[in-house]
Every structure is written in structure tokens, then in C-alpha cells.
$ cat input.cif   # mmCIF, C-alpha atoms and all ligand atoms
data_coords
#
loop_
_atom_site.label_atom_id
_atom_site.label_comp_id
_atom_site.auth_asym_id
_atom_site.auth_seq_id
_atom_site.Cartn_x
_atom_site.Cartn_y
_atom_site.Cartn_z
CA MET O 1 -6.75 21.36 20.47
CA LEU O 2 -5.75 20.04 17.04
CA ARG O 3 -3.60 17.23 15.73
CA ALA O 4 -0.20 18.18 14.31
CA VAL O 5 2.81 16.20 13.15
CA ARG O 6 5.83 17.76 14.83
CA ILE O 7 9.53 17.13 15.33
CA HIS O 8 11.08 17.57 18.77
CA GLN O 9 14.54 16.67 17.45
CA THR O 10 16.06 16.20 14.01
CA GLY O 11 16.64 12.73 12.62
CA GLY O 12 14.99 9.95 10.60
CA PRO O 13 11.27 9.57 9.88
CA GLU O 14 10.81 8.19 13.42
CA VAL O 15 11.20 11.71 14.87
CA LEU O 16 7.83 12.70 13.38
CA THR O 17 5.29 12.57 16.21
CA LEU O 18 1.54 13.13 16.20
CA ASP O 19 0.85 15.67 18.96
CA ASP O 20 -2.18 17.49 20.30
CA VAL O 21 -1.39 21.20 20.17
CA ALA O 22 -3.38 24.33 20.98
CA ALA O 23 -5.40 25.66 18.05
CA GLY O 24 -4.07 29.03 16.87
CA THR O 25 -6.17 32.12 16.43
CA PRO O 26 -5.39 34.49 13.57
CA GLY O 27 -3.72 37.74 14.60
CA PRO O 28 -3.67 40.93 12.53
CA GLY O 29 -3.00 40.14 8.87
CA GLN O 30 -3.45 36.39 9.40
CA ALA O 31 -6.01 33.76 8.44
CA LEU O 32 -6.94 30.42 10.01
CA ILE O 33 -7.17 27.63 7.40
CA ARG O 34 -8.84 24.25 7.91
CA HIS O 35 -6.75 21.93 5.77
CA GLY O 36 -8.39 19.67 3.21
CA ALA O 37 -4.99 18.31 2.14
CA ILE O 38 -1.32 18.95 2.87
CA GLY O 39 1.56 18.78 0.40
CA VAL O 40 4.66 16.69 1.09
CA ASN O 41 7.87 18.09 -0.37
CA PHE O 42 11.49 17.07 -0.46
CA ILE O 43 12.39 20.17 1.54
CA ASP O 44 10.41 18.65 4.44
CA LEU O 45 13.00 15.86 4.56
CA HIS O 46 15.87 18.34 4.65
CA GLN O 47 14.19 20.16 7.55
CA ARG O 48 13.46 16.91 9.41
CA THR O 49 17.08 15.74 9.15
CA GLY O 50 18.46 19.13 10.16
CA ARG O 51 20.20 19.73 6.83
CA TYR O 52 18.10 22.90 6.53
CA PRO O 53 18.13 24.16 10.12
CA LEU O 54 14.89 25.28 11.77
CA PRO O 55 14.89 28.08 14.32
CA ASP O 56 13.14 26.40 17.27
CA LEU O 57 12.00 22.90 18.13
CA PRO O 58 9.45 21.45 18.50
CA VAL O 59 8.00 22.59 15.21
CA THR O 60 5.10 21.43 13.04
CA LEU O 61 6.68 20.31 9.78
CA GLY O 62 5.42 21.09 6.26
CA MET O 63 5.47 24.00 3.79
CA GLU O 64 2.31 23.55 1.70
CA GLY O 65 -1.40 23.18 2.31
CA ALA O 66 -4.86 23.73 0.88
CA GLY O 67 -8.25 24.14 2.49
CA THR O 68 -10.89 26.60 3.63
CA VAL O 69 -10.50 29.89 5.48
CA GLU O 70 -12.27 29.58 8.85
CA ALA O 71 -11.48 32.98 10.35
CA VAL O 72 -9.42 36.06 9.61
CA GLY O 73 -7.61 38.54 11.84
CA ALA O 74 -7.83 42.32 11.91
CA GLY O 75 -7.09 44.12 8.67
CA VAL O 76 -7.39 41.12 6.36
CA THR O 77 -9.10 42.01 3.10
CA VAL O 78 -7.63 39.58 0.56
CA VAL O 79 -9.60 36.55 1.82
CA GLN O 80 -12.71 35.93 3.89
CA PRO O 81 -14.16 32.96 5.80
CA GLY O 82 -15.41 30.31 3.40
CA ASP O 83 -12.81 31.03 0.69
CA ARG O 84 -10.86 28.05 -0.58
CA VAL O 85 -7.13 28.70 -0.65
CA SER O 86 -3.70 27.14 -0.90
CA TYR O 87 -0.30 28.40 0.19
CA VAL O 88 3.42 27.90 0.40
CA ALA O 89 4.82 28.77 3.82
CA GLY O 90 6.96 31.43 2.25
CA GLY O 91 10.23 33.20 2.56
CA HIS O 92 13.73 32.25 3.59
CA GLY O 93 13.83 31.14 7.18
CA ALA O 94 10.04 30.65 7.11
CA VAL O 95 8.85 28.32 9.83
CA PRO O 96 6.99 25.29 8.45
CA CYS O 97 3.50 24.64 9.76
CA SER O 98 1.35 22.63 7.39
CA TYR O 99 1.40 19.05 8.81
CA ALA O 100 -1.68 19.78 10.95
CA GLU O 101 -5.44 19.93 10.79
CA TYR O 102 -5.33 23.75 10.79
CA ALA O 103 -2.71 26.41 10.05
CA VAL O 104 -2.50 30.11 10.78
CA MET O 105 -0.89 31.82 7.81
CA PRO O 106 -0.17 35.39 6.71
CA ALA O 107 -3.20 36.23 4.55
CA ASP O 108 -0.84 37.75 1.98
CA SER O 109 0.58 34.31 1.23
CA LEU O 110 -2.81 32.77 0.32
CA ILE O 111 -3.86 31.91 -3.23
CA LEU O 112 -7.59 31.79 -3.98
CA LEU O 113 -8.60 28.52 -5.65
CA PRO O 114 -11.19 28.11 -8.39
CA ASP O 115 -13.89 25.43 -7.93
CA GLU O 116 -12.26 23.23 -10.60
CA ILE O 117 -9.19 22.66 -8.40
CA ASP O 118 -9.95 20.50 -5.36
CA ASP O 119 -7.92 20.55 -2.15
CA VAL O 120 -5.92 17.41 -2.95
CA THR O 121 -4.87 18.78 -6.34
CA ALA O 122 -4.09 22.19 -4.83
CA ALA O 123 -1.97 20.67 -2.06
CA GLY O 124 -0.11 18.68 -4.71
CA MET O 125 0.48 21.51 -7.12
CA THR O 126 1.05 24.76 -5.24
CA LEU O 127 4.69 24.59 -4.10
CA LYS O 128 5.79 22.26 -6.90
CA GLY O 129 3.80 24.05 -9.60
CA LEU O 130 5.02 27.51 -8.59
CA THR O 131 8.51 26.04 -8.72
CA ALA O 132 7.96 24.67 -12.22
CA GLN O 133 6.55 28.04 -13.24
CA TYR O 134 9.45 30.16 -12.00
CA LEU O 135 12.03 27.71 -13.35
CA ILE O 136 10.82 27.69 -16.96
CA ARG O 137 9.29 31.17 -17.08
CA GLY O 138 11.74 33.03 -14.82
CA ALA O 139 15.07 31.36 -14.06
CA TYR O 140 15.48 30.21 -17.68
CA PRO O 141 12.58 31.20 -19.95
CA VAL O 142 12.16 28.11 -22.13
CA GLN O 143 11.46 28.86 -25.80
CA ALA O 144 9.48 26.80 -28.29
CA GLY O 145 11.81 24.61 -30.31
CA GLU O 146 14.48 24.30 -27.63
CA THR O 147 15.55 20.90 -26.32
CA ILE O 148 15.85 20.82 -22.53
CA LEU O 149 17.06 18.30 -19.94
CA VAL O 150 15.09 17.71 -16.72
CA HIS O 151 16.44 15.43 -14.00
CA ALA O 152 14.10 13.36 -11.78
CA ALA O 153 11.45 13.81 -14.47
CA ALA O 154 8.95 11.47 -12.78
CA GLY O 155 9.08 13.34 -9.45
CA GLY O 156 6.66 15.97 -8.22
CA VAL O 157 8.31 19.05 -9.68
CA GLY O 158 9.61 16.97 -12.59
CA LEU O 159 6.23 15.83 -13.94
CA LEU O 160 4.84 19.38 -13.82
CA LEU O 161 7.93 20.94 -15.36
CA CYS O 162 8.10 18.43 -18.23
CA GLN O 163 4.42 18.83 -19.14
CA TRP O 164 4.62 22.62 -18.97
CA ALA O 165 7.81 22.82 -21.04
CA ARG O 166 6.26 20.60 -23.71
CA HIS O 167 3.17 22.80 -23.67
CA LEU O 168 5.48 25.76 -24.38
CA GLY O 169 6.79 23.92 -27.43
CA ALA O 170 10.04 22.54 -26.05
CA ARG O 171 11.45 19.08 -26.74
CA VAL O 172 11.95 17.47 -23.34
CA ILE O 173 14.59 14.93 -22.30
CA GLY O 174 13.97 13.56 -18.80
CA THR O 175 16.09 11.39 -16.53
CA VAL O 176 14.52 8.81 -14.22
CA GLY O 177 15.54 6.04 -11.83
CA SER O 178 13.50 3.09 -13.13
CA PRO O 179 11.57 1.73 -16.15
CA ALA O 180 8.22 2.39 -14.45
CA LYS O 181 9.23 6.01 -13.89
CA ALA O 182 10.30 6.23 -17.52
CA GLU O 183 6.80 5.27 -18.65
CA LEU O 184 5.22 7.87 -16.40
CA ALA O 185 7.60 10.61 -17.56
CA LEU O 186 6.86 9.76 -21.21
CA ALA O 187 3.14 10.07 -20.45
CA HIS O 188 3.70 13.48 -18.84
CA GLY O 189 5.65 15.64 -21.25
CA CYS O 190 8.93 13.85 -21.94
CA HIS O 191 9.84 13.12 -25.54
CA HIS O 192 12.88 11.06 -24.52
CA VAL O 193 13.82 9.40 -21.25
CA ILE O 194 17.27 8.43 -19.97
CA GLN O 195 17.73 6.05 -17.04
CA TYR O 196 20.57 7.58 -15.07
CA GLY O 197 22.56 4.99 -13.19
CA ARG O 198 22.31 2.70 -16.22
CA GLU O 199 23.06 5.05 -19.11
CA ASP O 200 25.66 7.75 -19.79
CA VAL O 201 23.42 10.81 -19.52
CA ALA O 202 25.67 13.33 -21.27
CA ALA O 203 26.46 10.91 -24.13
CA ARG O 204 22.74 10.26 -24.70
CA VAL O 205 21.95 13.98 -24.58
CA LYS O 206 24.69 14.71 -27.08
CA SER O 207 23.44 11.99 -29.42
CA LEU O 208 19.86 13.30 -29.15
CA THR O 209 21.02 16.83 -30.00
CA GLY O 210 23.32 16.16 -32.96
CA GLY O 211 26.40 16.42 -30.74
CA GLU O 212 25.58 19.94 -29.59
CA GLY O 213 24.08 19.58 -26.12
CA VAL O 214 21.11 21.38 -24.56
CA PRO O 215 20.77 25.09 -23.77
CA VAL O 216 19.46 24.38 -20.25
CA VAL O 217 19.47 21.63 -17.63
CA PHE O 218 17.05 21.73 -14.68
CA ASP O 219 18.80 19.76 -11.95
CA ALA O 220 17.34 19.08 -8.49
CA VAL O 221 19.26 15.85 -7.95
CA GLY O 222 22.54 17.60 -7.15
CA LYS O 223 25.55 15.47 -6.20
CA ASP O 224 24.91 12.50 -8.51
CA THR O 225 24.01 14.52 -11.64
CA PHE O 226 26.12 17.70 -11.40
CA GLU O 227 28.95 16.57 -13.70
CA ALA O 228 26.59 15.02 -16.25
CA SER O 229 24.55 18.23 -16.23
CA LEU O 230 27.57 20.37 -17.11
CA ASP O 231 28.65 17.84 -19.75
CA SER O 232 25.16 17.90 -21.31
CA LEU O 233 25.15 21.66 -21.94
CA LYS O 234 25.84 23.30 -25.26
CA VAL O 235 28.26 26.23 -25.47
CA ARG O 236 26.97 29.11 -23.30
CA GLY O 237 24.28 26.81 -21.86
CA THR O 238 22.73 27.26 -18.41
CA LEU O 239 22.61 24.86 -15.49
CA VAL O 240 19.65 25.69 -13.24
CA SER O 241 20.42 23.89 -9.98
CA PHE O 242 17.41 23.93 -7.69
CA GLY O 243 17.74 20.96 -5.37
CA THR O 244 20.02 18.35 -3.88
CA SER O 245 17.94 15.17 -3.55
CA SER O 246 21.08 12.98 -3.81
CA GLY O 247 23.27 15.26 -1.69
CA PRO O 248 24.98 18.64 -2.02
CA THR O 249 26.54 19.58 -5.36
CA PRO O 250 30.34 19.31 -5.26
CA PRO O 251 32.49 22.46 -5.20
CA PHE O 252 33.63 23.57 -8.65
CA SER O 253 36.06 26.02 -10.13
CA LEU O 254 34.66 29.14 -11.77
CA PHE O 255 37.27 28.92 -14.51
CA ASP O 256 36.06 25.39 -15.28
CA LEU O 257 32.83 26.95 -16.57
CA ASN O 258 34.92 28.88 -19.10
CA VAL O 259 36.83 25.77 -20.19
CA ARG O 260 33.59 23.81 -20.66
CA GLY O 261 32.12 26.45 -22.97
CA SER O 262 31.39 29.71 -21.11
CA LEU O 263 28.62 28.03 -19.16
CA PHE O 264 26.15 29.72 -16.80
CA VAL O 265 25.14 28.26 -13.44
CA THR O 266 22.41 29.50 -11.12
CA SER O 267 21.25 28.08 -7.79
CA ALA O 268 17.57 28.99 -7.68
CA GLY O 269 14.96 29.14 -4.91
CA LEU O 270 11.18 29.71 -5.05
CA ALA O 271 11.26 32.35 -2.31
CA TRP O 272 13.44 34.58 -4.52
CA TYR O 273 10.87 34.37 -7.33
CA THR O 274 7.82 35.10 -5.15
CA ARG O 275 9.11 38.09 -3.25
CA SER O 276 5.92 40.17 -3.31
CA ARG O 277 2.21 39.36 -3.34
CA PRO O 278 1.82 40.63 -6.95
CA GLU O 279 4.67 38.37 -8.09
CA LEU O 280 3.21 35.39 -6.20
CA LEU O 281 -0.26 35.98 -7.68
CA GLN O 282 1.05 36.44 -11.21
CA ARG O 283 2.93 33.11 -11.06
CA ALA O 284 -0.05 31.41 -9.37
CA ALA O 285 -2.44 32.72 -12.04
CA GLU O 286 -0.30 31.14 -14.78
CA LEU O 287 -0.17 27.88 -12.86
CA ILE O 288 -3.93 27.79 -12.27
CA ASP O 289 -4.49 28.64 -15.93
CA VAL O 290 -2.43 25.72 -17.33
CA VAL O 291 -3.96 23.30 -14.81
CA THR O 292 -7.59 24.33 -15.33
CA ARG O 293 -7.11 24.18 -19.11
CA GLY O 294 -5.73 20.65 -18.76
CA ALA O 295 -2.37 21.52 -20.34
CA VAL O 296 -0.62 20.44 -17.13
CA LYS O 297 -2.04 17.53 -15.12
CA VAL O 298 -1.32 17.10 -11.41
CA PRO O 299 -0.83 13.40 -10.73
CA VAL O 300 -1.30 12.95 -6.98
CA MET O 301 0.07 9.41 -6.82
CA GLN O 302 0.38 8.92 -3.03
CA LYS O 303 -2.09 9.86 -0.30
CA PHE O 304 -1.29 9.18 3.36
CA PRO O 305 -3.32 9.96 6.48
CA LEU O 306 -1.72 12.84 8.41
CA ALA O 307 -0.85 10.42 11.21
CA GLN O 308 1.27 8.42 8.73
CA ALA O 309 3.50 11.29 7.64
CA ALA O 310 6.54 9.15 8.50
CA GLY O 311 5.44 6.65 5.83
CA ALA O 312 5.28 9.45 3.28
CA HIS O 313 8.80 10.54 4.22
CA ARG O 314 10.16 6.99 3.95
CA ALA O 315 8.63 6.61 0.51
CA LEU O 316 9.93 9.98 -0.74
CA GLU O 317 13.48 9.50 0.50
CA GLY O 318 13.46 5.87 -0.67
CA ARG O 319 12.72 7.02 -4.25
CA ALA O 320 9.50 5.00 -4.07
CA THR O 321 7.17 7.87 -5.03
CA THR O 322 6.19 9.38 -8.35
CA GLY O 323 4.41 12.68 -8.94
CA MET O 324 2.79 14.36 -5.94
CA THR O 325 2.37 13.09 -2.38
CA VAL O 326 -0.23 14.53 0.00
CA LEU O 327 -1.32 14.00 3.59
CA LEU O 328 -5.02 13.92 4.48
CA PRO O 329 -5.91 15.41 7.88
N1 LIG G 1 14.73 25.47 -5.21
C1 LIG G 1 13.41 25.45 -5.22
O1 LIG G 1 12.75 26.47 -5.40
C2 LIG G 1 12.71 24.14 -5.02
C3 LIG G 1 11.33 24.09 -4.85
C4 LIG G 1 10.70 22.82 -4.78
C5 LIG G 1 11.47 21.67 -4.81
N2 LIG G 1 12.83 21.79 -4.91
C6 LIG G 1 13.68 20.59 -5.01
O2 LIG G 1 13.24 19.88 -6.16
C7 LIG G 1 13.47 18.51 -5.95
C8 LIG G 1 12.19 17.75 -6.25
O3 LIG G 1 11.28 17.94 -5.18
P1 LIG G 1 9.98 17.03 -5.07
O4 LIG G 1 9.37 17.37 -3.76
O5 LIG G 1 9.20 17.15 -6.32
O6 LIG G 1 10.63 15.57 -4.96
P2 LIG G 1 10.60 14.38 -6.05
O7 LIG G 1 11.27 14.85 -7.30
O8 LIG G 1 9.21 13.86 -6.15
O9 LIG G 1 11.47 13.28 -5.33
C9 LIG G 1 12.84 13.29 -5.45
C10 LIG G 1 13.30 12.40 -6.62
O10 LIG G 1 14.69 12.62 -6.81
C11 LIG G 1 15.26 11.47 -7.36
N3 LIG G 1 16.50 11.12 -6.65
C12 LIG G 1 17.69 10.96 -7.22
N4 LIG G 1 18.61 10.61 -6.33
C13 LIG G 1 17.97 10.51 -5.13
C14 LIG G 1 18.39 10.16 -3.82
N5 LIG G 1 19.67 9.83 -3.56
N6 LIG G 1 17.48 10.16 -2.83
C15 LIG G 1 16.20 10.49 -3.06
N7 LIG G 1 15.74 10.84 -4.29
C16 LIG G 1 16.62 10.86 -5.34
C17 LIG G 1 14.23 10.33 -7.24
O11 LIG G 1 13.70 10.07 -8.53
P3 LIG G 1 14.40 8.90 -9.43
O12 LIG G 1 14.21 7.62 -8.67
O13 LIG G 1 13.68 8.96 -10.73
O14 LIG G 1 15.85 9.28 -9.52
C18 LIG G 1 13.16 10.92 -6.34
O15 LIG G 1 11.88 10.39 -6.62
C19 LIG G 1 14.00 18.35 -4.53
O16 LIG G 1 15.41 18.32 -4.58
C20 LIG G 1 13.53 19.62 -3.86
O17 LIG G 1 14.30 19.96 -2.75
C21 LIG G 1 13.46 22.98 -5.01
#

$ encode --input "input.cif" --output "C-alpha cells"
Amino acid sequence: MLRAVRIHQTGGPEVLTLDDVAAGTPGPGQALIRHGAIGVNFIDLHQRTGRYPLPDLPVTLGMEGAGTVEAVGAGVTVVQPGDRVSYVAGGHGAVPCSYAEYAVMPADSLILLPDEIDDVTAAGMTLKGLTAQYLIRGAYPVQAGETILVHAAAGGVGLLLCQWARHLGARVIGTVGSPAKAELALAHGCHHVIQYGREDVAARVKSLTGGEGVPVVFDAVGKDTFEASLDSLKVRGTLVSFGTSSGPTPPFSLFDLNVRGSLFVTSAGLAWYTRSRPELLQRAAELIDVVTRGAVKVPVMQKFPLAQAAGAHRALEGRATTGMTVLLP
């Protein structure tokens, strides 16, 4: 038996229960991983509340983990027992599984970790770092000299994205929800910080860009920032929408994008940018490279025991976290 945090019904953080469940054994193509640390992500909240439906309940929540391979099933060649690995429970419709002492994962989804990256760092950086990577290297390849706008800059994805974009030579404007978050964002890649809620985001962006606007906005806040994002873009700029932390983005008219300056909008998802093992490994190699070289730091700011996953969820949805949050089994 092993300890797992599961949901038997959707709802608030109180639906997370610590259960004893049967330990899995790896089938063909699978590996058994003993977790050293487990990543907490905003998507976990959407799955817990039922906003992103899960196929069957009860289910062990969580999409990201890091640890050591304990056993492998038939035909597995990409990892062996003793290897240290991390993973994102991948693919659309993928069943989460990481809030547990152990997970059985497709071996093809595992990323081998170098010694310099410990389990806590790996559990903090894998899903969020691959997201930062595909956003600024795939969805909208950020160029040196460009000024970009990143919402929720002090969050998990935000801190990684801002540091990485600055490393690429971009000038980074970040939005944040409080003065303390502003300080953190400025220490992790942002050149300028705007406190949304208190300031007019688009007006500040325009004044920071000589009235022109930015070529790209990375927006995972959704409902509360959508209009300001469009208003912050320069002519033919791109809105990369990749999350809805404040609620779903409102419907909009296609023609409105023409009126506002022939704008581009994409709604992006990590699974679509890691569709094959070679693509996953190429993105992971870039991520591991910038982290091991120290160009991108992984601030794991909150650690909770696995049994207190509900506390982690309350903090994340209450906007009380910064950077990465992990659970320790
Ligand atoms: N599409 C993809 O491939 C992909 C992959 C990973 C993550 N995501 C998305 O990226 C976003 C960031 O994920 P994360 O795990 O790193 O979370 P996070 O950014 O650490 O936490 C969310 C942050 O959003 C801000 N926020 C604004 N309005 C909010 C509201 N009403 N409720 C809660 N938070 C609000 C808060 O920062 P302030 O207080 O500073 O506003 C909060 O700290 C999420 O929307 C997630 O779903 C998408």
C-alpha cells in the first residue's frame, strides 16, 4: 500500500483526501517512480473543482513529479532502476497521478535528471519550465531587443518565463498582484513591474514602449487581463493565452482583432508542444541547460507535506504563493 491524495468528488480543497491505495506495478513500457517531490500546478485546481473534467473518480490528483526509478516493465530501454527522473503526466485527457508516494508512468514521458538538479527543484521546474520553454521558444519565439508583457510574473510559470526571456535579451514588463510580488519579479527577470488592479496596465505598457505597445503578451490570468492584453499589443502583435487563473477569457469577435490592429491570438497548451518523445527531450534539454548554467533559477517558495495538499491548494488559489510550490511525500 502507499499514501495518495485523491478526490472522490469535485469541489473545494476539502475534497482532497489522504488514502491508502494499492501500489502499482509497471506494465510493458512503464516505470515505477518513488517520488522525492511532487509539483503543484494551477491545473490541479481546475481538475479538483471539475472545471477540467476527469474521466473517472476517485483519482489521484497531480500532473508533475520527480524521483527515482524503482522498477521498469517489459520493453523499457530509456530508463533503468536507480535513474533519477521527472515527468509531466502528459497528453490531453491524461489522468493525473502524482500526489502520491509512488507513480507508474509511461517510460517515454520520463526526463533523465543530472546530479545538479535535485528532486525538489525538478518537481518545481518540469511542467512550469517546459511551459516557459515552449511559450517563448515555440508559441512566440522571443527575440533579443523585443519588449514583452508577462502577466502573473511572480507566479510559477511567470518567474521562469521572465528570467528566460531576459536571458534571451528581451526587455520584460511583468504584472503582479502586490508590492512583495513586484520585488520578487524584479529580482527574477522583470525590468518593469505593473501592479494590475491598481494601475492601468495598457496605459503603462504604452508609456513604456513610446506609445507603440508590445509585440507579444503572455497571459495566463484570462478573464481579468484579456482586454488589457489586447490593448497592450502593437499593430500585428500576438496574444498568447495559456491559462485562466482568474476565470475563462470572455468571448470576442474575430473582426475586433482587425479593428485593433490585425492582432494574432493563440490559445496554447503544453501537450501540443510536446507531442513526441524527441520534441519533449529537446525542450527538456534546453530547460535543463538554462537551469544548470544558472541563467534561470527555480525558486521553490512553498513546500508542504503530501498530507497537506489542501493547504497548498488554498494558498495557490488564494494568490498567497510565489514561484513554485511542491509537496514532499
Ligand atoms: N497552457 C499551458 O500549457 C499551461 C501550462 C502550465 C500552466 N498553465 C497556466 O499558467 C498559469 C500559471 O500557473 P502556475 O501553476 O505557475 O500558477 P501561478 O502563476 O503560480 O499562480 C497563479 C497566479 O495567478 C495570479 N492570479 C490572478 N488572478 C487570480 C485569481 N483570480 N485567482 C488566482 N490567481 C490569480 C496570481 O498572481 P498575482 O497575485 O500576482 O496576480 C497567482 O499567484 C495558470 O493559469 C495555469 O493554468 C498553462

$ residues_around --input "input.cif" --residues "O:Val300" --least-positions-apart "3" --cutoff "8 Å" --atoms "only C-alpha atoms" --output "PyMOL selection string"
chain O and resi 120-121+124+303+323-326

$ residues_near_ligand --input "input.cif" --ligand "ligand LIG 1 (chain G)" --cutoff "7 Å" --atoms "all atoms listed in the file" --output "PyMOL selection string"
chain O and resi 40-43+127-128+131+152-158+175-178+181+220-221+224+242-247+268-271+316-324

$ write_last_selection --input "input.cif" --atoms "C-alpha atoms" --output "PDB file, in the coordinates of the input"
ATOM      1  CA  VAL O  40       4.660  16.690   1.090  1.00  0.00           C
ATOM      2  CA  ASN O  41       7.870  18.090  -0.370  1.00  0.00           C
ATOM      3  CA  PHE O  42      11.490  17.070  -0.460  1.00  0.00           C
ATOM      4  CA  ILE O  43      12.390  20.170   1.540  1.00  0.00           C
ATOM      5  CA  LEU O 127       4.690  24.590  -4.100  1.00  0.00           C
ATOM      6  CA  LYS O 128       5.790  22.260  -6.900  1.00  0.00           C
ATOM      7  CA  THR O 131       8.510  26.040  -8.720  1.00  0.00           C
ATOM      8  CA  ALA O 152      14.100  13.360 -11.780  1.00  0.00           C
ATOM      9  CA  ALA O 153      11.450  13.810 -14.470  1.00  0.00           C
ATOM     10  CA  ALA O 154       8.950  11.470 -12.780  1.00  0.00           C
ATOM     11  CA  GLY O 155       9.080  13.340  -9.450  1.00  0.00           C
ATOM     12  CA  GLY O 156       6.660  15.970  -8.220  1.00  0.00           C
ATOM     13  CA  VAL O 157       8.310  19.050  -9.680  1.00  0.00           C
ATOM     14  CA  GLY O 158       9.610  16.970 -12.590  1.00  0.00           C
ATOM     15  CA  THR O 175      16.090  11.390 -16.530  1.00  0.00           C
ATOM     16  CA  VAL O 176      14.520   8.810 -14.220  1.00  0.00           C
ATOM     17  CA  GLY O 177      15.540   6.040 -11.830  1.00  0.00           C
ATOM     18  CA  SER O 178      13.500   3.090 -13.130  1.00  0.00           C
ATOM     19  CA  LYS O 181       9.230   6.010 -13.890  1.00  0.00           C
ATOM     20  CA  ALA O 220      17.340  19.080  -8.490  1.00  0.00           C
ATOM     21  CA  VAL O 221      19.260  15.850  -7.950  1.00  0.00           C
ATOM     22  CA  ASP O 224      24.910  12.500  -8.510  1.00  0.00           C
ATOM     23  CA  PHE O 242      17.410  23.930  -7.690  1.00  0.00           C
ATOM     24  CA  GLY O 243      17.740  20.960  -5.370  1.00  0.00           C
ATOM     25  CA  THR O 244      20.020  18.350  -3.880  1.00  0.00           C
ATOM     26  CA  SER O 245      17.940  15.170  -3.550  1.00  0.00           C
ATOM     27  CA  SER O 246      21.080  12.980  -3.810  1.00  0.00           C
ATOM     28  CA  GLY O 247      23.270  15.260  -1.690  1.00  0.00           C
ATOM     29  CA  ALA O 268      17.570  28.990  -7.680  1.00  0.00           C
ATOM     30  CA  GLY O 269      14.960  29.140  -4.910  1.00  0.00           C
ATOM     31  CA  LEU O 270      11.180  29.710  -5.050  1.00  0.00           C
ATOM     32  CA  ALA O 271      11.260  32.350  -2.310  1.00  0.00           C
ATOM     33  CA  LEU O 316       9.930   9.980  -0.740  1.00  0.00           C
ATOM     34  CA  GLU O 317      13.480   9.500   0.500  1.00  0.00           C
ATOM     35  CA  GLY O 318      13.460   5.870  -0.670  1.00  0.00           C
ATOM     36  CA  ARG O 319      12.720   7.020  -4.250  1.00  0.00           C
ATOM     37  CA  ALA O 320       9.500   5.000  -4.070  1.00  0.00           C
ATOM     38  CA  THR O 321       7.170   7.870  -5.030  1.00  0.00           C
ATOM     39  CA  THR O 322       6.190   9.380  -8.350  1.00  0.00           C
ATOM     40  CA  GLY O 323       4.410  12.680  -8.940  1.00  0.00           C
ATOM     41  CA  MET O 324       2.790  14.360  -5.940  1.00  0.00           C
TER      42      MET O 324
END

$ closest_residue --input "input.cif" --among "O:Leu2, O:Ala285, O:Ala123, O:Val142" --to "O:Val214" --atoms "only C-alpha atoms"
O:Val142

$ residues_around --input "input.cif" --residues "stretch 250-255 of chain O" --least-positions-apart "3" --cutoff "7 Å" --atoms "all atoms listed in the file" --output "list in words"
Lys223, Asn258 and Val259 of chain O

$ atom_distance --input "input.cif" --atom1 "atom CA of O:Gly294" --atom2 "atom CA of O:Arg171"
19.0 Å

$ residues_around --input "input.cif" --residues "O:Pro305" --least-positions-apart "6" --cutoff "9 Å" --atoms "only C-alpha atoms" --output "ChimeraX atom specification"
/O:326-329

$ closest_residue --input "input.cif" --among "O:Ser86, O:Ser232, O:Thr60, O:Thr25" --to "O:Val201" --atoms "only C-alpha atoms"
O:Ser232

$ atom_distance --input "input.cif" --atom1 "atom CA of O:Gly90" --atom2 "atom CA of O:Pro278"
14.0 Å

$ residues_around --input "input.cif" --residues "O:Val291" --least-positions-apart "3" --cutoff "12 Å" --atoms "all atoms listed in the file" --output "list in words"
Leu113, Pro114, Glu116, Ile117, Asp118, Thr121, Ala122, Gly124, Met125, Thr126, Gly129, Leu130, Gln133, Leu160, Gln163, Trp164, His167, Ala284, Ala285, Glu286, Leu287, Ile288, Gly294, Ala295, Val296, Lys297, Val298 and Pro299 of chain O

$ closest_residue --input "input.cif" --among "O:Arg137, O:Arg3, O:Arg277, O:His8" --to "O:Ala23" --atoms "only C-alpha atoms"
O:Arg3

$ atom_distance --input "input.cif" --atom1 "atom CA of O:Arg6" --atom2 "atom CA of O:Met301"
23.9 Å

$ residues_near_point --input "input.cif" --point "(4.5, 38.7, -3.2)" --cutoff "12 Å" --atoms "all atoms listed in the file" --output "ChimeraX atom specification"
/O:87-88,90-91,106-111,270-284

$ write_last_selection --input "input.cif" --atoms "C-alpha atoms" --output "JSON list (two decimals), in the frame of the given file"
[["chain", "number", "residue", "atom", "x", "y", "z"],
["O", 87, "TYR", "CA", -0.30, 28.40, 0.19],
["O", 88, "VAL", "CA", 3.42, 27.90, 0.40],
["O", 90, "GLY", "CA", 6.96, 31.43, 2.25],
["O", 91, "GLY", "CA", 10.23, 33.20, 2.56],
["O", 106, "PRO", "CA", -0.17, 35.39, 6.71],
["O", 107, "ALA", "CA", -3.20, 36.23, 4.55],
["O", 108, "ASP", "CA", -0.84, 37.75, 1.98],
["O", 109, "SER", "CA", 0.58, 34.31, 1.23],
["O", 110, "LEU", "CA", -2.81, 32.77, 0.32],
["O", 111, "ILE", "CA", -3.86, 31.91, -3.23],
["O", 270, "LEU", "CA", 11.18, 29.71, -5.05],
["O", 271, "ALA", "CA", 11.26, 32.35, -2.31],
["O", 272, "TRP", "CA", 13.44, 34.58, -4.52],
["O", 273, "TYR", "CA", 10.87, 34.37, -7.33],
["O", 274, "THR", "CA", 7.82, 35.10, -5.15],
["O", 275, "ARG", "CA", 9.11, 38.09, -3.25],
["O", 276, "SER", "CA", 5.92, 40.17, -3.31],
["O", 277, "ARG", "CA", 2.21, 39.36, -3.34],
["O", 278, "PRO", "CA", 1.82, 40.63, -6.95],
["O", 279, "GLU", "CA", 4.67, 38.37, -8.09],
["O", 280, "LEU", "CA", 3.21, 35.39, -6.20],
["O", 281, "LEU", "CA", -0.26, 35.98, -7.68],
["O", 282, "GLN", "CA", 1.05, 36.44, -11.21],
["O", 283, "ARG", "CA", 2.93, 33.11, -11.06],
["O", 284, "ALA", "CA", -0.05, 31.41, -9.37]]

$ residues_around --input "input.cif" --residues "O:Met1" --least-positions-apart "3" --cutoff "8 Å" --atoms "all atoms listed in the file" --output "mmCIF file with C-alpha atoms, keeping the file's coordinate frame"
data_model
loop_
_atom_site.group_PDB
_atom_site.id
_atom_site.type_symbol
_atom_site.label_atom_id
_atom_site.label_comp_id
_atom_site.auth_asym_id
_atom_site.auth_seq_id
_atom_site.Cartn_x
_atom_site.Cartn_y
_atom_site.Cartn_z
ATOM 1 C CA ASP O 20 -2.180 17.490 20.300
ATOM 2 C CA VAL O 21 -1.390 21.200 20.170
ATOM 3 C CA ALA O 22 -3.380 24.330 20.980
ATOM 4 C CA ALA O 23 -5.400 25.660 18.050
#
